[in-house]
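Q: Following this line is query.pdb, made up of PDB, C-alpha atoms:
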```pdb
ATOM      1  CA  MET A  20     126.788 107.195 104.538  1.00  0.00           C
ATOM      2  CA  PRO A  21     127.095 103.800 102.848  1.00  0.00           C
ATOM      3  CA  ILE A  22     124.011 101.654 102.406  1.00  0.00           C
ATOM      4  CA  THR A  23     123.600  99.133 105.220  1.00  0.00           C
ATOM      5  CA  THR A  24     119.946  98.177 104.833  1.00  0.00           C
ATOM      6  CA  CYS A  25     117.982  97.151 101.739  1.00  0.00           C
ATOM      7  CA  VAL A  26     114.219  97.233 102.114  1.00  0.00           C
ATOM      8  CA  PHE A  27     111.723  95.974  99.555  1.00  0.00           C
ATOM      9  CA  ASP A  28     108.068  96.451  98.897  1.00  0.00           C
ATOM     10  CA  ALA A  29     106.482  93.008  98.530  1.00  0.00           C
ATOM     11  CA  TYR A  30     103.611  92.882  96.062  1.00  0.00           C
ATOM     12  CA  GLY A  31     104.698  93.676  92.530  1.00  0.00           C
ATOM     13  CA  THR A  32     108.297  94.141  93.645  1.00  0.00           C
ATOM     14  CA  LEU A  33     109.399  90.755  94.981  1.00  0.00           C
ATOM     15  CA  PHE A  34     106.163  88.882  94.214  1.00  0.00           C
ATOM     16  CA  ASP A  35     104.397  88.815  90.860  1.00  0.00           C
ATOM     17  CA  VAL A  36     100.866  90.056  91.552  1.00  0.00           C
ATOM     18  CA  ALA A  37      99.663  88.947  88.115  1.00  0.00           C
ATOM     19  CA  ALA A  38     100.624  85.343  88.838  1.00  0.00           C
ATOM     20  CA  ALA A  39      97.312  84.424  90.479  1.00  0.00           C
ATOM     21  CA  ALA A  40      95.169  85.393  87.481  1.00  0.00           C
ATOM     22  CA  ARG A  41      97.685  83.979  85.011  1.00  0.00           C
ATOM     23  CA  GLN A  42      97.809  80.620  86.786  1.00  0.00           C
ATOM     24  CA  ALA A  43      94.040  80.372  87.172  1.00  0.00           C
ATOM     25  CA  ALA A  44      93.626  81.094  83.457  1.00  0.00           C
ATOM     26  CA  ALA A  45      95.882  78.135  82.666  1.00  0.00           C
ATOM     27  CA  GLU A  46      93.750  75.725  84.696  1.00  0.00           C
ATOM     28  CA  PRO A  47      91.033  73.688  82.944  1.00  0.00           C
ATOM     29  CA  ASP A  48      88.287  74.797  85.327  1.00  0.00           C
ATOM     30  CA  PHE A  49      88.451  78.413  84.147  1.00  0.00           C
ATOM     31  CA  PRO A  50      88.602  78.556  80.315  1.00  0.00           C
ATOM     32  CA  HIS A  51      86.509  81.746  80.395  1.00  0.00           C
ATOM     33  CA  LEU A  52      89.468  83.516  82.044  1.00  0.00           C
ATOM     34  CA  GLN A  53      91.954  82.817  79.252  1.00  0.00           C
ATOM     35  CA  ASP A  54      91.111  85.868  77.143  1.00  0.00           C
ATOM     36  CA  ASN A  55      90.878  88.475  79.889  1.00  0.00           C
ATOM     37  CA  TRP A  56      93.095  87.353  82.780  1.00  0.00           C
ATOM     38  CA  ALA A  57      95.528  90.228  82.136  1.00  0.00           C
ATOM     39  CA  ALA A  58      92.727  92.821  82.305  1.00  0.00           C
ATOM     40  CA  LEU A  59      91.434  91.194  85.482  1.00  0.00           C
ATOM     41  CA  ALA A  60      94.913  91.257  87.057  1.00  0.00           C
ATOM     42  CA  ASN A  61      95.402  94.931  86.162  1.00  0.00           C
ATOM     43  CA  HIS A  62      91.993  95.969  87.493  1.00  0.00           C
ATOM     44  CA  TRP A  63      92.544  93.944  90.666  1.00  0.00           C
ATOM     45  CA  ARG A  64      95.898  95.510  91.420  1.00  0.00           C
ATOM     46  CA  LEU A  65      94.801  99.076  90.670  1.00  0.00           C
ATOM     47  CA  LYS A  66      91.700  98.862  92.852  1.00  0.00           C
ATOM     48  CA  GLN A  67      93.652  97.188  95.642  1.00  0.00           C
ATOM     49  CA  LEU A  68      96.042 100.151  95.693  1.00  0.00           C
ATOM     50  CA  GLN A  69      93.320 102.775  95.318  1.00  0.00           C
ATOM     51  CA  TYR A  70      91.461 101.353  98.290  1.00  0.00           C
ATOM     52  CA  THR A  71      94.593 101.555 100.465  1.00  0.00           C
ATOM     53  CA  TRP A  72      95.015 105.229  99.602  1.00  0.00           C
ATOM     54  CA  LEU A  73      91.348 106.047 100.200  1.00  0.00           C
ATOM     55  CA  ARG A  74      91.295 104.202 103.511  1.00  0.00           C
ATOM     56  CA  ALA A  75      94.489 105.956 104.612  1.00  0.00           C
ATOM     57  CA  ILE A  76      93.233 109.467 103.926  1.00  0.00           C
ATOM     58  CA  THR A  77      89.782 108.785 105.414  1.00  0.00           C
ATOM     59  CA  ASP A  78      91.090 107.071 108.556  1.00  0.00           C
ATOM     60  CA  ALA A  79      89.241 103.871 107.665  1.00  0.00           C
ATOM     61  CA  HIS A  80      92.057 101.363 107.987  1.00  0.00           C
ATOM     62  CA  CYS A  81      91.436  97.656 107.560  1.00  0.00           C
ATOM     63  CA  GLY A  82      93.634  94.660 106.905  1.00  0.00           C
ATOM     64  CA  PHE A  83      95.189  94.235 103.469  1.00  0.00           C
ATOM     65  CA  TRP A  84      93.254  91.029 102.956  1.00  0.00           C
ATOM     66  CA  GLN A  85      90.027  93.049 102.986  1.00  0.00           C
ATOM     67  CA  VAL A  86      91.189  95.482 100.297  1.00  0.00           C
ATOM     68  CA  THR A  87      92.527  92.533  98.304  1.00  0.00           C
ATOM     69  CA  GLN A  88      89.070  90.917  98.329  1.00  0.00           C
ATOM     70  CA  ASP A  89      87.310  94.213  97.628  1.00  0.00           C
ATOM     71  CA  GLY A  90      89.644  94.927  94.721  1.00  0.00           C
ATOM     72  CA  LEU A  91      89.053  91.478  93.264  1.00  0.00           C
ATOM     73  CA  ASP A  92      85.270  91.812  93.508  1.00  0.00           C
ATOM     74  CA  TRP A  93      85.424  95.110  91.624  1.00  0.00           C
ATOM     75  CA  ALA A  94      87.722  93.584  88.995  1.00  0.00           C
ATOM     76  CA  LEU A  95      85.522  90.542  88.513  1.00  0.00           C
ATOM     77  CA  GLU A  96      82.514  92.784  87.890  1.00  0.00           C
ATOM     78  CA  ALA A  97      84.469  95.055  85.571  1.00  0.00           C
ATOM     79  CA  THR A  98      85.518  92.093  83.418  1.00  0.00           C
ATOM     80  CA  GLY A  99      82.122  90.381  83.434  1.00  0.00           C
ATOM     81  CA  LEU A 100      83.243  87.498  85.621  1.00  0.00           C
ATOM     82  CA  THR A 101      80.905  87.841  88.587  1.00  0.00           C
ATOM     83  CA  GLY A 102      78.728  84.916  89.569  1.00  0.00           C
ATOM     84  CA  ASP A 103      81.539  82.337  89.686  1.00  0.00           C
ATOM     85  CA  PRO A 104      82.329  81.747  93.366  1.00  0.00           C
ATOM     86  CA  LYS A 105      84.732  78.932  92.488  1.00  0.00           C
ATOM     87  CA  LEU A 106      86.854  81.289  90.373  1.00  0.00           C
ATOM     88  CA  ARG A 107      86.813  83.974  93.059  1.00  0.00           C
ATOM     89  CA  GLN A 108      87.964  81.525  95.707  1.00  0.00           C
ATOM     90  CA  ARG A 109      90.677  80.086  93.482  1.00  0.00           C
ATOM     91  CA  LEU A 110      92.089  83.550  92.762  1.00  0.00           C
ATOM     92  CA  LEU A 111      92.123  84.410  96.456  1.00  0.00           C
ATOM     93  CA  ASP A 112      93.809  81.117  97.344  1.00  0.00           C
ATOM     94  CA  LEU A 113      96.503  81.702  94.732  1.00  0.00           C
ATOM     95  CA  TYR A 114      97.221  85.149  96.145  1.00  0.00           C
ATOM     96  CA  TRP A 115      98.629  83.482  99.258  1.00  0.00           C
ATOM     97  CA  GLU A 116     101.255  81.701  97.202  1.00  0.00           C
ATOM     98  CA  LEU A 117     102.355  84.254  94.628  1.00  0.00           C
ATOM     99  CA  GLN A 118     105.485  83.467  92.669  1.00  0.00           C
ATOM    100  CA  ALA A 119     108.596  85.552  93.266  1.00  0.00           C
ATOM    101  CA  TYR A 120     110.224  87.100  90.223  1.00  0.00           C
ATOM    102  CA  PRO A 121     113.033  84.865  88.935  1.00  0.00           C
ATOM    103  CA  GLU A 122     115.921  87.107  90.015  1.00  0.00           C
ATOM    104  CA  VAL A 123     114.709  87.562  93.599  1.00  0.00           C
ATOM    105  CA  PRO A 124     116.395  84.655  95.453  1.00  0.00           C
ATOM    106  CA  GLU A 125     119.836  85.249  93.957  1.00  0.00           C
ATOM    107  CA  MET A 126     119.576  89.014  94.447  1.00  0.00           C
ATOM    108  CA  LEU A 127     118.667  88.702  98.124  1.00  0.00           C
ATOM    109  CA  ALA A 128     121.383  86.104  98.689  1.00  0.00           C
ATOM    110  CA  ALA A 129     123.953  88.469  97.171  1.00  0.00           C
ATOM    111  CA  LEU A 130     122.873  91.252  99.537  1.00  0.00           C
ATOM    112  CA  LYS A 131     123.202  88.986 102.545  1.00  0.00           C
ATOM    113  CA  GLN A 132     126.608  87.797 101.368  1.00  0.00           C
ATOM    114  CA  ALA A 133     127.661  91.454 101.195  1.00  0.00           C
ATOM    115  CA  GLY A 134     126.619  91.919 104.835  1.00  0.00           C
ATOM    116  CA  MET A 135     123.478  93.964 104.201  1.00  0.00           C
ATOM    117  CA  ASN A 136     120.345  93.990 106.312  1.00  0.00           C
ATOM    118  CA  THR A 137     117.393  92.867 104.186  1.00  0.00           C
ATOM    119  CA  ALA A 138     113.701  93.306 104.859  1.00  0.00           C
ATOM    120  CA  ILE A 139     110.254  93.634 103.381  1.00  0.00           C
ATOM    121  CA  LEU A 140     108.177  96.732 104.178  1.00  0.00           C
ATOM    122  CA  SER A 141     104.666  96.123 102.924  1.00  0.00           C
ATOM    123  CA  ASN A 142     101.009  97.046 103.107  1.00  0.00           C
ATOM    124  CA  GLY A 143     100.393  93.320 103.449  1.00  0.00           C
ATOM    125  CA  SER A 144      99.222  91.793 106.698  1.00  0.00           C
ATOM    126  CA  PRO A 145     101.728  89.600 108.559  1.00  0.00           C
ATOM    127  CA  ASP A 146      99.926  86.349 107.730  1.00  0.00           C
ATOM    128  CA  MET A 147      99.686  87.165 104.022  1.00  0.00           C
ATOM    129  CA  LEU A 148     103.335  88.136 103.876  1.00  0.00           C
ATOM    130  CA  ASP A 149     104.400  85.015 105.722  1.00  0.00           C
ATOM    131  CA  GLY A 150     102.503  82.901 103.209  1.00  0.00           C
ATOM    132  CA  ALA A 151     104.174  84.618 100.255  1.00  0.00           C
ATOM    133  CA  VAL A 152     107.659  84.479 101.779  1.00  0.00           C
ATOM    134  CA  GLN A 153     107.331  80.792 102.619  1.00  0.00           C
ATOM    135  CA  SER A 154     105.862  79.960  99.222  1.00  0.00           C
ATOM    136  CA  ALA A 155     108.756  81.728  97.486  1.00  0.00           C
ATOM    137  CA  GLY A 156     111.324  80.142  99.793  1.00  0.00           C
ATOM    138  CA  ILE A 157     113.109  83.418 100.611  1.00  0.00           C
ATOM    139  CA  GLY A 158     112.741  83.533 104.381  1.00  0.00           C
ATOM    140  CA  ALA A 159     116.389  82.595 104.979  1.00  0.00           C
ATOM    141  CA  VAL A 160     117.652  85.678 103.109  1.00  0.00           C
ATOM    142  CA  LEU A 161     115.381  88.193 104.876  1.00  0.00           C
ATOM    143  CA  ASP A 162     116.160  89.653 108.285  1.00  0.00           C
ATOM    144  CA  ASP A 163     112.604  90.796 108.863  1.00  0.00           C
ATOM    145  CA  VAL A 164     109.193  91.300 107.308  1.00  0.00           C
ATOM    146  CA  LEU A 165     107.644  94.612 108.380  1.00  0.00           C
ATOM    147  CA  SER A 166     103.912  95.194 107.977  1.00  0.00           C
ATOM    148  CA  VAL A 167     101.877  98.380 108.147  1.00  0.00           C
ATOM    149  CA  GLU A 168      99.578  96.598 110.578  1.00  0.00           C
ATOM    150  CA  SER A 169     101.924  97.614 113.411  1.00  0.00           C
ATOM    151  CA  VAL A 170     101.039 101.282 112.792  1.00  0.00           C
ATOM    152  CA  GLY A 171      97.520 100.916 111.372  1.00  0.00           C
ATOM    153  CA  ILE A 172      97.872 102.952 108.188  1.00  0.00           C
ATOM    154  CA  PHE A 173      98.937 102.187 104.643  1.00  0.00           C
ATOM    155  CA  LYS A 174     101.892 103.580 102.693  1.00  0.00           C
ATOM    156  CA  PRO A 175     103.035 106.184 101.855  1.00  0.00           C
ATOM    157  CA  ASP A 176     102.376 107.518 105.364  1.00  0.00           C
ATOM    158  CA  ALA A 177     105.688 108.406 107.053  1.00  0.00           C
ATOM    159  CA  ARG A 178     104.826 106.244 110.045  1.00  0.00           C
ATOM    160  CA  VAL A 179     105.257 103.211 107.816  1.00  0.00           C
ATOM    161  CA  TYR A 180     108.731 104.245 106.674  1.00  0.00           C
ATOM    162  CA  ASP A 181     109.608 104.960 110.321  1.00  0.00           C
ATOM    163  CA  LEU A 182     109.464 101.215 110.941  1.00  0.00           C
ATOM    164  CA  VAL A 183     112.762 100.688 109.118  1.00  0.00           C
ATOM    165  CA  GLY A 184     114.853 102.907 111.390  1.00  0.00           C
ATOM    166  CA  GLN A 185     113.099 101.553 114.458  1.00  0.00           C
ATOM    167  CA  ARG A 186     113.897  97.978 113.480  1.00  0.00           C
ATOM    168  CA  PHE A 187     117.459  98.359 112.211  1.00  0.00           C
ATOM    169  CA  ASN A 188     118.626 101.390 114.189  1.00  0.00           C
ATOM    170  CA  CYS A 189     119.849 103.025 110.995  1.00  0.00           C
ATOM    171  CA  GLN A 190     119.762 106.502 109.502  1.00  0.00           C
ATOM    172  CA  ASN A 191     117.597 107.267 106.479  1.00  0.00           C
ATOM    173  CA  ASP A 192     120.612 107.692 104.208  1.00  0.00           C
ATOM    174  CA  GLU A 193     121.760 104.160 105.054  1.00  0.00           C
ATOM    175  CA  VAL A 194     118.602 102.690 103.510  1.00  0.00           C
ATOM    176  CA  LEU A 195     118.042 101.622  99.930  1.00  0.00           C
ATOM    177  CA  PHE A 196     114.290 101.287  99.471  1.00  0.00           C
ATOM    178  CA  VAL A 197     113.064  99.365  96.426  1.00  0.00           C
ATOM    179  CA  SER A 198     109.524  99.340  95.058  1.00  0.00           C
ATOM    180  CA  SER A 199     107.728  98.568  91.824  1.00  0.00           C
ATOM    181  CA  ASN A 200     105.226 101.313  92.655  1.00  0.00           C
ATOM    182  CA  GLY A 201     106.327 104.714  91.424  1.00  0.00           C
ATOM    183  CA  TRP A 202     104.289 106.499  94.099  1.00  0.00           C
ATOM    184  CA  ASP A 203     105.884 104.353  96.819  1.00  0.00           C
ATOM    185  CA  ALA A 204     109.418 104.998  95.585  1.00  0.00           C
ATOM    186  CA  ALA A 205     108.601 108.708  95.395  1.00  0.00           C
ATOM    187  CA  GLY A 206     107.127 108.737  98.888  1.00  0.00           C
ATOM    188  CA  ALA A 207     110.181 106.961 100.278  1.00  0.00           C
ATOM    189  CA  ALA A 208     112.454 109.433  98.491  1.00  0.00           C
ATOM    190  CA  GLY A 209     110.585 112.302 100.107  1.00  0.00           C
ATOM    191  CA  TYR A 210     111.022 110.568 103.449  1.00  0.00           C
ATOM    192  CA  GLY A 211     114.794 110.522 102.957  1.00  0.00           C
ATOM    193  CA  PHE A 212     115.607 107.032 101.725  1.00  0.00           C
ATOM    194  CA  THR A 213     117.732 106.317  98.673  1.00  0.00           C
ATOM    195  CA  THR A 214     115.190 104.772  96.336  1.00  0.00           C
ATOM    196  CA  ALA A 215     115.019 102.495  93.324  1.00  0.00           C
ATOM    197  CA  TRP A 216     111.869 102.148  91.265  1.00  0.00           C
ATOM    198  CA  VAL A 217     111.541  98.795  89.508  1.00  0.00           C
ATOM    199  CA  ASN A 218     109.604  99.912  86.469  1.00  0.00           C
ATOM    200  CA  ARG A 219     108.941  96.588  84.763  1.00  0.00           C
ATOM    201  CA  ALA A 220     106.091  98.000  82.644  1.00  0.00           C
ATOM    202  CA  ALA A 221     108.063 101.042  81.365  1.00  0.00           C
ATOM    203  CA  GLU A 222     105.526 103.480  82.803  1.00  0.00           C
ATOM    204  CA  PRO A 223     106.029 107.273  82.936  1.00  0.00           C
ATOM    205  CA  VAL A 224     107.428 108.780  86.117  1.00  0.00           C
ATOM    206  CA  ASP A 225     104.690 109.937  88.482  1.00  0.00           C
ATOM    207  CA  ARG A 226     104.205 113.696  88.682  1.00  0.00           C
ATOM    208  CA  LEU A 227     105.043 114.099  92.355  1.00  0.00           C
ATOM    209  CA  PRO A 228     107.417 116.386  94.280  1.00  0.00           C
ATOM    210  CA  TRP A 229     110.012 113.604  94.575  1.00  0.00           C
ATOM    211  CA  ILE A 230     111.530 111.183  92.081  1.00  0.00           C
ATOM    212  CA  PRO A 231     113.347 107.876  92.595  1.00  0.00           C
ATOM    213  CA  ASP A 232     117.141 107.920  92.581  1.00  0.00           C
ATOM    214  CA  GLN A 233     117.261 104.960  90.206  1.00  0.00           C
ATOM    215  CA  ILE A 234     114.825 103.513  87.683  1.00  0.00           C
ATOM    216  CA  LEU A 235     115.359  99.835  86.869  1.00  0.00           C
ATOM    217  CA  THR A 236     113.693  97.210  84.697  1.00  0.00           C
ATOM    218  CA  ASP A 237     114.223  94.401  87.216  1.00  0.00           C
ATOM    219  CA  LEU A 238     116.009  93.679  90.504  1.00  0.00           C
ATOM    220  CA  THR A 239     119.213  92.187  89.132  1.00  0.00           C
ATOM    221  CA  SER A 240     121.402  95.245  89.719  1.00  0.00           C
ATOM    222  CA  ILE A 241     120.265  95.943  93.300  1.00  0.00           C
ATOM    223  CA  PRO A 242     123.380  94.400  94.946  1.00  0.00           C
ATOM    224  CA  ASP A 243     125.626  96.608  92.809  1.00  0.00           C
ATOM    225  CA  LEU A 244     123.591  99.704  93.674  1.00  0.00           C
ATOM    226  CA  ALA A 245     123.737  98.889  97.379  1.00  0.00           C
ATOM    227  CA  ARG A 246     127.524  98.528  97.297  1.00  0.00           C
ATOM    228  CA  ALA A 247     128.123 101.645  95.159  1.00  0.00           C
TER     229      ALA A 247
END
```
Would it be possible to restate this file's structure as structure tokens?

A:
Amino acid sequence: MPITTCVFDAYGTLFDVAAAARQAAAEPDFPHLQDNWAALANHWRLKQLQYTWLRAITDAHCGFWQVTQDGLDWALEATGLTGDPKLRQRLLDLYWELQAYPEVPEMLAALKQAGMNTAILSNGSPDMLDGAVQSAGIGAVLDDVLSVESVGIFKPDARVYDLVGQRFNCQNDEVLFVSSNGWDAAGAAGYGFTTAWVNRAAEPVDRLPWIPDQILTDLTSIPDLARA
């Protein structure tokens, strides 16, 4: 069946998760961050994801804001930046207003112009996602923002992907699911979605039973894929 519904992961896919550390490093209050902001951002993101997986498999769910704070605290210690509460608070504040990647607004507008349903499906909590969507100014080109909080478990649990069909009354093969996380794209492929992995960092394909249908370097070609 043709694609009717395009669904996007949020963090790292539509929103640049490194933006908070990069912006803080450019501010005069945090010169000590200039040399290691990239390492901090990488540690922060990896731990944030690892904690979602561990909480999912141990039935210890919490809101995404908690794992975001826990991941940051680990990253700050790993990079020798503990003991600066002002820096910690600034990084957390910036996470609520992450920048969207440059191609995002035009890409989403093109999908809407083509008559597609558009949505976010994210581990993020509703309030965090609302903050990011409003900050990026993309609310008008999204039909919905779906959060795992409605099912109480993080991706890649199938109950999360179920939310798409429940919301849009569509079949799995009508959905193009897009994520910057290889494991998420693989999980969605195993669920039955057509998937695109936005592999901005040119990473190897994850060794999992499923592989994404498309591997892209950015989101520019998504409207063409959806109409193909």

Q: Using all atoms listed in the file, which residues sit within 8 Å of stretch 23-36 of chain A once same-chain residues fewer than 5 positions away are excluded, as a PyMOL selection string?

A: chain A and resi 60+64+114+117-120+123+130+134-141+143+148+151+183+187+189+193-200+217+245

Q: Given the choices A:Ile172, A:Ile22, A:Leu100, A:Ala129, which gets closest to A:Tyr70 if the distance is worked out from only C-alpha atoms?

A: A:Ile172

Q: If we draw a sphere of 12 Å around (105.4, 100.3, 81.8), which residues have at least one atom in it when counting all atoms listed in the file? Please report them as a list in words.

A: Ser199, Asn200, Gly201, Trp216, Val217, Asn218, Arg219, Ala220, Ala221, Glu222, Pro223, Val224, Asp225, Ile234, Leu235, Thr236 and Asp237 of chain A

Q: Taking 2 positions as the minimum chain separation for residues in the same chain, which residues sit within 10 Å of A:Pro124 when counting all atoms listed in the file? Answer as a ChimeraX atom specification.

A: /A:33,119-122,126-129,155-160

Q: What separation in Å, quoted to one decimal, exists between atom CA of A:Glu125 and atom CA of A:Asp149?

A: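 Atom CA of A:Glu125 sits 19.4 Å away from atom CA of A:Asp149.
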
Q: Would you please work out which residue, of A:Met147, A:Val170, A:Ala133, A:Ala45, is nearest to A:Phe83 when using all atoms listed in the file?

A: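 That would be A:Met147, the residue with the smallest distance to A:Phe83.
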
Q: What's the 8 Å shell around A:Leu65, counting only C-alpha atoms, without same-chain residues fewer than 4 positions away, as number ranges by chain?

A: A: 61, 69, 90

Q: Quick one: stretch 181-190 of chain A with all heavy atoms, as a compact mmCIF listing (two decimals), in the coordinates of the input?

A:
```txt
# COMPACT_ATOMS: atom_id res chain seq x y z
N ASP A 181 108.93 104.91 109.01
CA ASP A 181 109.61 104.96 110.32
C ASP A 181 109.99 103.58 110.83
O ASP A 181 110.95 103.44 111.61
CB ASP A 181 108.68 105.59 111.38
CG ASP A 181 108.55 107.10 111.26
OD1 ASP A 181 109.39 107.73 110.60
OD2 ASP A 181 107.58 107.64 111.84
N LEU A 182 109.24 102.56 110.43
CA LEU A 182 109.46 101.22 110.94
C LEU A 182 110.87 100.70 110.62
O LEU A 182 111.43 99.89 111.37
CB LEU A 182 108.42 100.25 110.37
CG LEU A 182 106.97 100.49 110.80
CD1 LEU A 182 106.02 99.59 110.00
CD2 LEU A 182 106.82 100.22 112.30
N VAL A 183 111.44 101.18 109.52
CA VAL A 183 112.76 100.69 109.12
C VAL A 183 113.83 101.12 110.12
O VAL A 183 114.62 100.30 110.61
CB VAL A 183 113.11 101.18 107.69
CG1 VAL A 183 114.53 100.73 107.31
CG2 VAL A 183 112.09 100.66 106.68
N GLY A 184 113.88 102.41 110.43
CA GLY A 184 114.85 102.91 111.39
C GLY A 184 114.65 102.33 112.77
O GLY A 184 115.62 102.04 113.49
N GLN A 185 113.39 102.14 113.15
CA GLN A 185 113.10 101.55 114.46
C GLN A 185 113.61 100.12 114.54
O GLN A 185 114.13 99.69 115.58
CB GLN A 185 111.59 101.60 114.71
CG GLN A 185 111.04 103.01 114.88
CD GLN A 185 109.52 103.05 114.82
OE1 GLN A 185 108.85 102.00 114.79
NE2 GLN A 185 108.96 104.25 114.80
N ARG A 186 113.49 99.39 113.46
CA ARG A 186 113.90 97.98 113.48
C ARG A 186 115.41 97.80 113.37
O ARG A 186 116.01 96.98 114.07
CB ARG A 186 113.20 97.23 112.33
CG ARG A 186 113.74 95.84 112.04
CD ARG A 186 113.64 94.91 113.22
NE ARG A 186 114.14 93.58 112.91
CZ ARG A 186 115.41 93.20 112.93
NH1 ARG A 186 116.36 94.10 113.25
NH2 ARG A 186 115.78 91.97 112.62
N PHE A 187 116.05 98.59 112.50
CA PHE A 187 117.46 98.36 112.21
C PHE A 187 118.39 99.40 112.82
O PHE A 187 119.61 99.33 112.63
CB PHE A 187 117.68 98.28 110.70
CG PHE A 187 117.05 97.06 110.08
CD1 PHE A 187 115.86 97.15 109.37
CD2 PHE A 187 117.64 95.82 110.24
CE1 PHE A 187 115.28 96.02 108.81
CE2 PHE A 187 117.07 94.67 109.69
CZ PHE A 187 115.88 94.78 108.97
N ASN A 188 117.81 100.36 113.54
CA ASN A 188 118.63 101.39 114.19
C ASN A 188 119.58 102.04 113.19
O ASN A 188 120.79 102.18 113.43
CB ASN A 188 119.42 100.80 115.36
CG ASN A 188 120.03 101.88 116.25
OD1 ASN A 188 119.49 102.98 116.36
ND2 ASN A 188 121.15 101.56 116.86
N CYS A 189 119.04 102.44 112.06
CA CYS A 189 119.85 103.02 111.00
C CYS A 189 119.31 104.41 110.65
O CYS A 189 118.16 104.75 110.94
CB CYS A 189 119.83 102.14 109.76
SG CYS A 189 118.18 101.80 109.09
N GLN A 190 120.15 105.19 110.00
CA GLN A 190 119.76 106.50 109.50
C GLN A 190 119.10 106.36 108.13
O GLN A 190 119.33 105.38 107.41
CB GLN A 190 120.98 107.42 109.40
CG GLN A 190 121.70 107.64 110.71
CD GLN A 190 120.82 108.29 111.76
OE1 GLN A 190 120.13 109.29 111.48
NE2 GLN A 190 120.81 107.73 112.96
```
